[in-house]
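Okay, input.cif is below, mmCIF, C-alpha atoms and all ligand atoms:
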```cif
data_target
#
loop_
_atom_site.group_PDB
_atom_site.id
_atom_site.type_symbol
_atom_site.label_atom_id
_atom_site.label_comp_id
_atom_site.auth_asym_id
_atom_site.auth_seq_id
_atom_site.Cartn_x
_atom_site.Cartn_y
_atom_site.Cartn_z
ATOM 1 C CA MET A 1 -80.607 36.609 10.558
ATOM 2 C CA GLU A 2 -84.139 36.657 9.256
ATOM 3 C CA LYS A 3 -85.372 34.694 6.300
ATOM 4 C CA LYS A 4 -88.614 35.267 4.492
ATOM 5 C CA HIS A 5 -90.130 31.948 3.447
ATOM 6 C CA ASN A 6 -92.279 31.432 0.401
ATOM 7 C CA ASN A 7 -95.150 30.828 2.816
ATOM 8 C CA GLY A 8 -94.707 34.378 4.092
ATOM 9 C CA HIS A 9 -93.580 33.395 7.559
ATOM 10 C CA GLN A 10 -90.351 34.788 9.000
ATOM 11 C CA HIS A 11 -88.220 33.313 11.767
ATOM 12 C CA GLN A 12 -84.702 33.411 13.167
ATOM 13 C CA GLY A 13 -82.169 31.484 11.057
ATOM 14 C CA LYS A 14 -82.315 30.157 7.542
ATOM 15 C CA SER A 15 -84.535 27.249 6.646
ATOM 16 C CA SER A 16 -82.930 24.153 5.154
ATOM 17 C CA GLU A 17 -86.233 23.293 3.471
ATOM 18 C CA ARG A 18 -85.211 23.746 -0.139
ATOM 19 C CA LEU A 19 -81.714 22.321 0.314
ATOM 20 C CA VAL A 20 -82.120 18.978 2.062
ATOM 21 C CA GLU A 21 -83.485 15.698 0.691
ATOM 22 C CA LYS A 22 -86.589 15.273 2.846
ATOM 23 C CA GLU A 23 -87.467 11.845 1.450
ATOM 24 C CA LYS A 24 -83.972 10.522 2.195
ATOM 25 C CA ILE A 25 -84.153 11.863 5.751
ATOM 26 C CA VAL A 26 -87.534 10.222 6.336
ATOM 27 C CA ALA A 27 -86.369 6.939 4.769
ATOM 28 C CA SER A 28 -83.278 6.890 7.013
ATOM 29 C CA LEU A 29 -85.286 7.297 10.212
ATOM 30 C CA SER A 30 -87.657 4.286 9.980
ATOM 31 C CA ILE A 31 -90.444 6.127 11.814
ATOM 32 C CA ARG A 32 -93.381 3.893 12.737
ATOM 33 C CA THR A 33 -97.093 4.499 13.144
ATOM 34 C CA GLY A 34 -97.979 5.635 16.650
ATOM 35 C CA GLN A 35 -94.540 6.969 17.515
ATOM 36 C CA LYS A 36 -93.807 10.276 19.219
ATOM 37 C CA VAL A 37 -91.346 12.612 17.510
ATOM 38 C CA LEU A 38 -89.813 15.909 18.628
ATOM 39 C CA ASP A 39 -88.643 18.352 15.924
ATOM 40 C CA ALA A 40 -86.526 20.698 18.050
ATOM 41 C CA GLY A 41 -85.613 24.051 16.509
ATOM 42 C CA CYS A 42 -88.356 23.316 14.002
ATOM 43 C CA GLY A 43 -88.369 26.754 12.316
ATOM 44 C CA ASN A 44 -91.257 26.723 9.838
ATOM 45 C CA GLY A 45 -91.939 23.063 10.762
ATOM 46 C CA TYR A 46 -91.557 21.564 7.295
ATOM 47 C CA MET A 47 -90.038 18.352 8.701
ATOM 48 C CA ALA A 48 -92.667 18.105 11.446
ATOM 49 C CA VAL A 49 -95.196 17.905 8.608
ATOM 50 C CA GLU A 50 -93.226 15.027 7.027
ATOM 51 C CA PHE A 51 -92.952 13.214 10.366
ATOM 52 C CA ALA A 52 -96.711 13.594 10.954
ATOM 53 C CA LYS A 53 -97.357 11.612 7.749
ATOM 54 C CA GLN A 54 -95.239 8.780 9.175
ATOM 55 C CA VAL A 55 -96.648 8.567 12.713
ATOM 56 C CA GLY A 56 -100.286 8.751 11.586
ATOM 57 C CA ILE A 57 -103.254 9.707 13.723
ATOM 58 C CA SER A 58 -102.178 7.498 16.623
ATOM 59 C CA GLY A 59 -98.820 9.286 16.828
ATOM 60 C CA LYS A 60 -97.670 12.737 17.873
ATOM 61 C CA VAL A 61 -95.178 15.276 16.577
ATOM 62 C CA TYR A 62 -93.993 17.987 18.933
ATOM 63 C CA ALA A 63 -92.515 21.008 17.149
ATOM 64 C CA LEU A 64 -90.441 23.191 19.457
ATOM 65 C CA ASP A 65 -88.762 26.522 18.794
ATOM 66 C CA PRO A 66 -87.868 29.547 20.936
ATOM 67 C CA ASP A 67 -89.172 31.781 18.129
ATOM 68 C CA ALA A 68 -92.704 32.610 19.308
ATOM 69 C CA SER A 69 -93.760 33.997 15.919
ATOM 70 C CA ALA A 70 -92.696 30.788 14.139
ATOM 71 C CA ILE A 71 -94.675 28.743 16.658
ATOM 72 C CA ALA A 72 -97.755 30.988 16.391
ATOM 73 C CA TRP A 73 -97.707 30.627 12.608
ATOM 74 C CA LEU A 74 -97.174 26.840 12.760
ATOM 75 C CA THR A 75 -99.960 26.460 15.326
ATOM 76 C CA GLU A 76 -102.403 28.039 12.879
ATOM 77 C CA GLU A 77 -101.114 25.974 9.957
ATOM 78 C CA THR A 78 -101.273 22.608 11.756
ATOM 79 C CA ARG A 79 -104.499 22.979 13.734
ATOM 80 C CA GLY A 80 -106.392 19.656 13.869
ATOM 81 C CA THR A 81 -103.309 17.572 13.034
ATOM 82 C CA VAL A 82 -101.062 15.432 15.246
ATOM 83 C CA ILE A 83 -98.510 18.258 15.296
ATOM 84 C CA GLU A 84 -98.257 20.182 18.571
ATOM 85 C CA PRO A 85 -96.084 23.275 18.216
ATOM 86 C CA PHE A 86 -94.790 24.963 21.362
ATOM 87 C CA VAL A 87 -92.314 27.630 22.389
ATOM 88 C CA GLY A 88 -89.335 26.069 24.125
ATOM 89 C CA ASP A 89 -85.584 25.764 24.469
ATOM 90 C CA VAL A 90 -84.138 22.284 23.962
ATOM 91 C CA THR A 91 -80.997 23.162 25.931
ATOM 92 C CA GLN A 92 -83.122 23.333 29.080
ATOM 93 C CA GLN A 93 -85.763 21.079 30.580
ATOM 94 C CA THR A 94 -88.884 21.242 28.401
ATOM 95 C CA LYS A 95 -92.508 20.611 29.384
ATOM 96 C CA LEU A 96 -92.395 17.089 27.913
ATOM 97 C CA PRO A 97 -92.341 14.119 30.318
ATOM 98 C CA PRO A 98 -89.281 11.867 30.718
ATOM 99 C CA SER A 99 -88.869 8.774 28.469
ATOM 100 C CA SER A 100 -91.729 9.924 26.255
ATOM 101 C CA ILE A 101 -90.133 10.427 22.818
ATOM 102 C CA ASP A 102 -89.105 7.860 20.175
ATOM 103 C CA LEU A 103 -87.183 10.282 17.939
ATOM 104 C CA ILE A 104 -85.613 13.670 18.548
ATOM 105 C CA TYR A 105 -84.696 15.497 15.330
ATOM 106 C CA LEU A 106 -82.727 18.726 14.965
ATOM 107 C CA SER A 107 -81.792 20.265 11.645
ATOM 108 C CA THR A 108 -79.095 22.948 11.511
ATOM 109 C CA VAL A 109 -79.639 23.962 15.120
ATOM 110 C CA LEU A 110 -76.728 22.486 17.074
ATOM 111 C CA HIS A 111 -73.854 24.442 15.519
ATOM 112 C CA GLY A 112 -75.213 27.600 17.184
ATOM 113 C CA PHE A 113 -75.020 26.191 20.724
ATOM 114 C CA THR A 114 -72.432 27.272 23.298
ATOM 115 C CA PRO A 115 -70.656 24.456 25.202
ATOM 116 C CA ALA A 116 -73.032 25.028 28.150
ATOM 117 C CA GLN A 117 -76.071 24.811 25.845
ATOM 118 C CA MET A 118 -74.678 21.647 24.272
ATOM 119 C CA GLN A 119 -74.356 20.084 27.717
ATOM 120 C CA GLY A 120 -77.930 21.091 28.557
ATOM 121 C CA PHE A 121 -79.154 19.684 25.250
ATOM 122 C CA VAL A 122 -77.532 16.278 25.828
ATOM 123 C CA LEU A 123 -79.097 16.082 29.295
ATOM 124 C CA GLU A 124 -82.537 16.960 27.949
ATOM 125 C CA ALA A 125 -82.264 14.588 24.969
ATOM 126 C CA LYS A 126 -81.343 11.711 27.312
ATOM 127 C CA ARG A 127 -84.203 12.630 29.666
ATOM 128 C CA LEU A 128 -86.794 12.729 26.881
ATOM 129 C CA LEU A 129 -85.856 9.676 24.828
ATOM 130 C CA LYS A 130 -87.370 6.279 25.545
ATOM 131 C CA PRO A 131 -84.846 3.433 25.976
ATOM 132 C CA GLY A 132 -83.600 2.596 22.475
ATOM 133 C CA GLY A 133 -84.834 5.979 21.227
ATOM 134 C CA THR A 134 -83.196 7.808 18.344
ATOM 135 C CA LEU A 135 -81.455 11.171 18.109
ATOM 136 C CA ALA A 136 -81.108 12.433 14.526
ATOM 137 C CA LEU A 137 -79.066 15.506 13.654
ATOM 138 C CA VAL A 138 -78.751 17.294 10.323
ATOM 139 C CA GLU A 139 -75.825 19.678 10.009
ATOM 140 C CA ILE A 140 -74.134 21.639 7.223
ATOM 141 C CA LYS A 141 -70.972 19.932 6.025
ATOM 142 C CA LYS A 142 -67.755 21.462 7.286
ATOM 143 C CA GLU A 143 -66.478 22.431 3.852
ATOM 144 C CA GLU A 144 -66.739 25.228 1.304
ATOM 145 C CA THR A 145 -70.426 25.957 0.673
ATOM 146 C CA PRO A 146 -72.156 28.952 -0.975
ATOM 147 C CA PHE A 147 -74.042 29.772 2.265
ATOM 148 C CA GLY A 148 -74.094 29.030 5.967
ATOM 149 C CA PRO A 149 -72.081 29.967 9.044
ATOM 150 C CA PRO A 150 -68.261 30.178 8.952
ATOM 151 C CA GLN A 151 -66.556 26.781 8.894
ATOM 152 C CA SER A 152 -65.111 27.491 12.343
ATOM 153 C CA MET A 153 -68.671 27.402 13.738
ATOM 154 C CA ARG A 154 -69.692 24.182 11.985
ATOM 155 C CA LEU A 155 -69.395 20.679 13.360
ATOM 156 C CA SER A 156 -68.019 17.803 11.327
ATOM 157 C CA ALA A 157 -69.639 14.433 11.966
ATOM 158 C CA GLU A 158 -66.634 13.436 14.112
ATOM 159 C CA GLU A 159 -66.781 16.670 16.107
ATOM 160 C CA LEU A 160 -70.500 16.164 16.627
ATOM 161 C CA GLU A 161 -69.868 12.715 18.105
ATOM 162 C CA SER A 162 -67.135 13.916 20.443
ATOM 163 C CA THR A 163 -69.062 17.042 21.473
ATOM 164 C CA LEU A 164 -72.112 14.979 22.376
ATOM 165 C CA GLY A 165 -70.141 12.099 23.861
ATOM 166 C CA LEU A 166 -72.237 9.669 21.801
ATOM 167 C CA SER A 167 -71.370 7.185 19.021
ATOM 168 C CA SER A 168 -73.434 7.311 15.876
ATOM 169 C CA ILE A 169 -75.075 4.268 14.309
ATOM 170 C CA ASN A 170 -75.425 5.793 10.838
ATOM 171 C CA ARG A 171 -74.405 8.793 8.775
ATOM 172 C CA VAL A 172 -75.803 9.733 5.354
ATOM 173 C CA ASP A 173 -75.579 12.647 2.960
ATOM 174 C CA VAL A 174 -78.962 14.364 2.694
ATOM 175 C CA GLY A 175 -78.264 16.925 0.004
ATOM 176 C CA ARG A 176 -75.119 18.369 -1.482
ATOM 177 C CA TYR A 177 -74.273 20.409 1.600
ATOM 178 C CA PHE A 178 -75.845 18.480 4.483
ATOM 179 C CA TYR A 179 -75.332 15.261 6.409
ATOM 180 C CA LEU A 180 -77.618 13.365 8.750
ATOM 181 C CA GLN A 181 -76.077 11.602 11.733
ATOM 182 C CA ILE A 182 -78.129 9.136 13.751
ATOM 183 C CA PHE A 183 -77.543 8.120 17.363
ATOM 184 C CA GLN A 184 -79.367 5.471 19.348
ATOM 185 C CA LEU A 185 -79.653 5.551 23.111
ATOM 186 C CA PRO A 186 -78.938 2.324 25.024
HETATM 187 C C1 LIG A 201 -81.137 27.579 11.000
HETATM 188 S S1 LIG A 201 -82.719 27.463 11.747
HETATM 189 C C2 LIG A 201 -83.226 25.816 11.234
HETATM 190 C C3 LIG A 201 -84.700 25.639 11.238
HETATM 191 C C4 LIG A 201 -85.181 24.258 10.766
HETATM 192 N N1 LIG A 201 -84.761 23.209 11.683
HETATM 193 C C5 LIG A 201 -84.673 23.968 9.386
HETATM 194 O O1 LIG A 201 -83.886 23.030 9.197
HETATM 195 O O2 LIG A 201 -85.089 24.686 8.453
HETATM 196 C C6 LIG A 201 -82.309 27.204 13.463
HETATM 197 C C7 LIG A 201 -83.533 27.137 14.367
HETATM 198 O O3 LIG A 201 -83.119 26.760 15.682
HETATM 199 C C8 LIG A 201 -83.886 27.490 16.607
HETATM 200 N N2 LIG A 201 -83.185 27.499 17.905
HETATM 201 C C9 LIG A 201 -82.196 28.336 18.312
HETATM 202 N N3 LIG A 201 -81.848 28.063 19.581
HETATM 203 C C10 LIG A 201 -82.623 27.029 19.997
HETATM 204 C C11 LIG A 201 -82.747 26.314 21.224
HETATM 205 N N4 LIG A 201 -81.982 26.604 22.280
HETATM 206 N N5 LIG A 201 -83.667 25.316 21.309
HETATM 207 C C12 LIG A 201 -84.454 25.017 20.233
HETATM 208 N N6 LIG A 201 -84.369 25.667 19.046
HETATM 209 C C13 LIG A 201 -83.476 26.653 18.924
HETATM 210 C C14 LIG A 201 -84.037 28.866 15.942
HETATM 211 O O4 LIG A 201 -85.097 29.629 16.490
HETATM 212 C C15 LIG A 201 -84.278 28.462 14.495
HETATM 213 O O5 LIG A 201 -85.642 28.269 14.215
#
```

As structure tokens - that is how I would like this structure written.
Amino acid sequence: MEKKHNNGHQHQGKSSERLVEKEKIVASLSIRTGQKVLDAGCGNGYMAVEFAKQVGISGKVYALDPDASAIAWLTEETRGTVIEPFVGDVTQQTKLPPSSIDLIYLSTVLHGFTPAQMQGFVLEAKRLLKPGGTLALVEIKKEETPFGPPQSMRLSAEELESTLGLSSINRVDVGRYFYLQIFQLP
């Protein structure tokens, strides 16, 4: 599926940009100055831009996507900022060092993973997060919606927990059709 954004950039998969409550997401994540954030499956990077405002110039926001054209476009757009876009696959080991990230964020990415990819993702998330680090996942609610993948492909909050083998510390609605689930590593 290809979506043309109002900024002219195209990438695989539909952007949640105009459908989620960005401010509510940011407020729920308590991001601090100087922190390091990974927006995995960043698409056009609209949340990486929000996270960059929170971490400030002493922080860093990595924006990862396998879509090379999305990353090339974002690299141009964010030159000279704390955002570092790069081509990658979060279901495999990335170039980032272990225990280096305070927050990993994925929005409407996980429901497309196979069981093997999900397993690889959990391993990589645990490798990357600092002790006490946060994993934050936005997914489309598993109910009737005017868009999105078939309900059989979606993950309810409970299914997300059991699939990942992690217990969430918070869950909030972030728009009519989306929820944010937050996990904290020990
Ligand atoms: C539906 S789009 C969501 C984009 C953005 N997060 C948003 O909320 O608008 C899904 C994104 O996940 C990316 N993606 C797919 N497989 C991935 C993987 N294995 N690792 C990282 N990103 C992946 C796609 O390239 C696409 O940009």

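Among the candidates A:Gln92, A:Ser15, A:Gln54, A:Thr134, the one nearest to Tyr105 of chain A when counting all atoms listed in the file is A:Thr134.
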
### Task
One decimal, Å: what's the distance from atom CA of Asp89 of chain A over to atom O3 of ligand LIG 201 (chain A), could you say?
9.2 Å

Find the nearest atom pair between each residue of chain A and ligand LIG 201 (chain A) for residues within 6 Å, count all atoms listed in the file, give distances in Å to one decimal, sort rows by chain and ascending number, and present the table as a tab-separated table.
```
residue	atom	partner	partner_atom	distance
A:Gln12	CA	A:LIG201	O4	5.0
A:Gly13	CA	A:LIG201	C1	4.0
A:Lys14	CA	A:LIG201	C1	4.5
A:Ser15	CA	A:LIG201	O2	3.2
A:Ser16	CA	A:LIG201	O2	4.0
A:Glu17	CA	A:LIG201	O2	5.3
A:Ala40	CA	A:LIG201	C12	5.3
A:Gly41	CA	A:LIG201	N6	3.3
A:Cys42	CA	A:LIG201	N1	4.3
A:Gly43	CA	A:LIG201	O5	3.7
A:Asp65	CA	A:LIG201	N6	4.5
A:Pro66	CA	A:LIG201	O4	5.2
A:Asp67	CA	A:LIG201	O4	4.9
A:Asp89	CA	A:LIG201	N5	3.7
A:Val90	CA	A:LIG201	N5	4.1
A:Thr91	CA	A:LIG201	N4	5.1
A:Leu106	CA	A:LIG201	N1	5.9
A:Ser107	CA	A:LIG201	N1	4.2
A:Thr108	CA	A:LIG201	C2	5.0
A:Val109	CA	A:LIG201	O3	4.5
```

### Query
Just how far from atom CA of His111 of chain A is atom CA of Val174 of chain A, in Å to one decimal?
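Pair atom CA of Val174 of chain A / atom CA of His111 of chain A returns 17.1 Å.
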
### Task
Please identify all polymer residues within 12 Å of segment 94-98 of chain A, counting all atoms listed in the file, omitting same-chain residues fewer than 6 positions from it, and present them as an MDAnalysis selection string.
chainID A and resid 36:38 40 61:66 84 86:88 120:121 123:131

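Counting from atom CA of Asp39 of chain A, the distance to atom CA of Lys60 of chain A is 10.8 Å.
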
### Query
Restricting the calculation to only C-alpha atoms, which member of A:Met153, A:Ala136, A:Leu19, A:Leu103 is positioned closest to Leu166 of chain A?
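Nearest to Leu166 of chain A: A:Ala136.
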
### Query
Which is closer to Ile31 of chain A than all the others in A:Asp102, A:Ile57, A:Gly80, A:Phe183, using only C-alpha atoms?
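Checking each of A:Asp102, A:Ile57, A:Gly80, A:Phe183 against Ile31 of chain A, counting only C-alpha atoms, the winner is A:Asp102.
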
On this file, the PyMOL selection byres (((chain A and resi 175) around 12) and not hetatm) gives some set of residues; write that set as a PDB file with C-alpha atoms, in the coordinates of the input.
```
ATOM      1  CA  SER A  16     -82.930  24.153   5.154  1.00  0.00           C
ATOM      2  CA  GLU A  17     -86.233  23.293   3.471  1.00  0.00           C
ATOM      3  CA  ARG A  18     -85.211  23.746  -0.139  1.00  0.00           C
ATOM      4  CA  LEU A  19     -81.714  22.321   0.314  1.00  0.00           C
ATOM      5  CA  VAL A  20     -82.120  18.978   2.062  1.00  0.00           C
ATOM      6  CA  GLU A  21     -83.485  15.698   0.691  1.00  0.00           C
ATOM      7  CA  LYS A  22     -86.589  15.273   2.846  1.00  0.00           C
ATOM      8  CA  GLU A  23     -87.467  11.845   1.450  1.00  0.00           C
ATOM      9  CA  LYS A  24     -83.972  10.522   2.195  1.00  0.00           C
ATOM     10  CA  ILE A  25     -84.153  11.863   5.751  1.00  0.00           C
ATOM     11  CA  VAL A 138     -78.751  17.294  10.323  1.00  0.00           C
ATOM     12  CA  GLU A 139     -75.825  19.678  10.009  1.00  0.00           C
ATOM     13  CA  ILE A 140     -74.134  21.639   7.223  1.00  0.00           C
ATOM     14  CA  LYS A 141     -70.972  19.932   6.025  1.00  0.00           C
ATOM     15  CA  THR A 145     -70.426  25.957   0.673  1.00  0.00           C
ATOM     16  CA  VAL A 172     -75.803   9.733   5.354  1.00  0.00           C
ATOM     17  CA  ASP A 173     -75.579  12.647   2.960  1.00  0.00           C
ATOM     18  CA  VAL A 174     -78.962  14.364   2.694  1.00  0.00           C
ATOM     19  CA  ARG A 176     -75.119  18.369  -1.482  1.00  0.00           C
ATOM     20  CA  TYR A 177     -74.273  20.409   1.600  1.00  0.00           C
ATOM     21  CA  PHE A 178     -75.845  18.480   4.483  1.00  0.00           C
ATOM     22  CA  TYR A 179     -75.332  15.261   6.409  1.00  0.00           C
ATOM     23  CA  LEU A 180     -77.618  13.365   8.750  1.00  0.00           C
TER      24      LEU A 180
END
```

### Query
Looking at A:Thr33, A:Thr75, A:Ser28, A:Ser152, which one is nearest to Val55 of chain A, with distances taken over all atoms listed in the file?
A:Thr33

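Using only C-alpha atoms, the nearest neighbour of Gly59 of chain A within the list A:Ile71, A:Met47, A:Gly34, A:Arg79 is A:Gly34.
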
### Task
Kindly indicate which residue among A:Pro149, A:Pro115, A:Pro85, A:Gly56 lies nearest to Thr163 of chain A, using all atoms listed in the file for the distances.
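Using all atoms listed in the file, the shortest distance to Thr163 of chain A belongs to A:Pro115.
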
### Task
Would you mind listing what lies within 8 Å of Lys142 of chain A as a ChimeraX atom specification, with all atoms listed in the file counted and same-chain residues fewer than 6 positions away left out?
/A:151,154-156
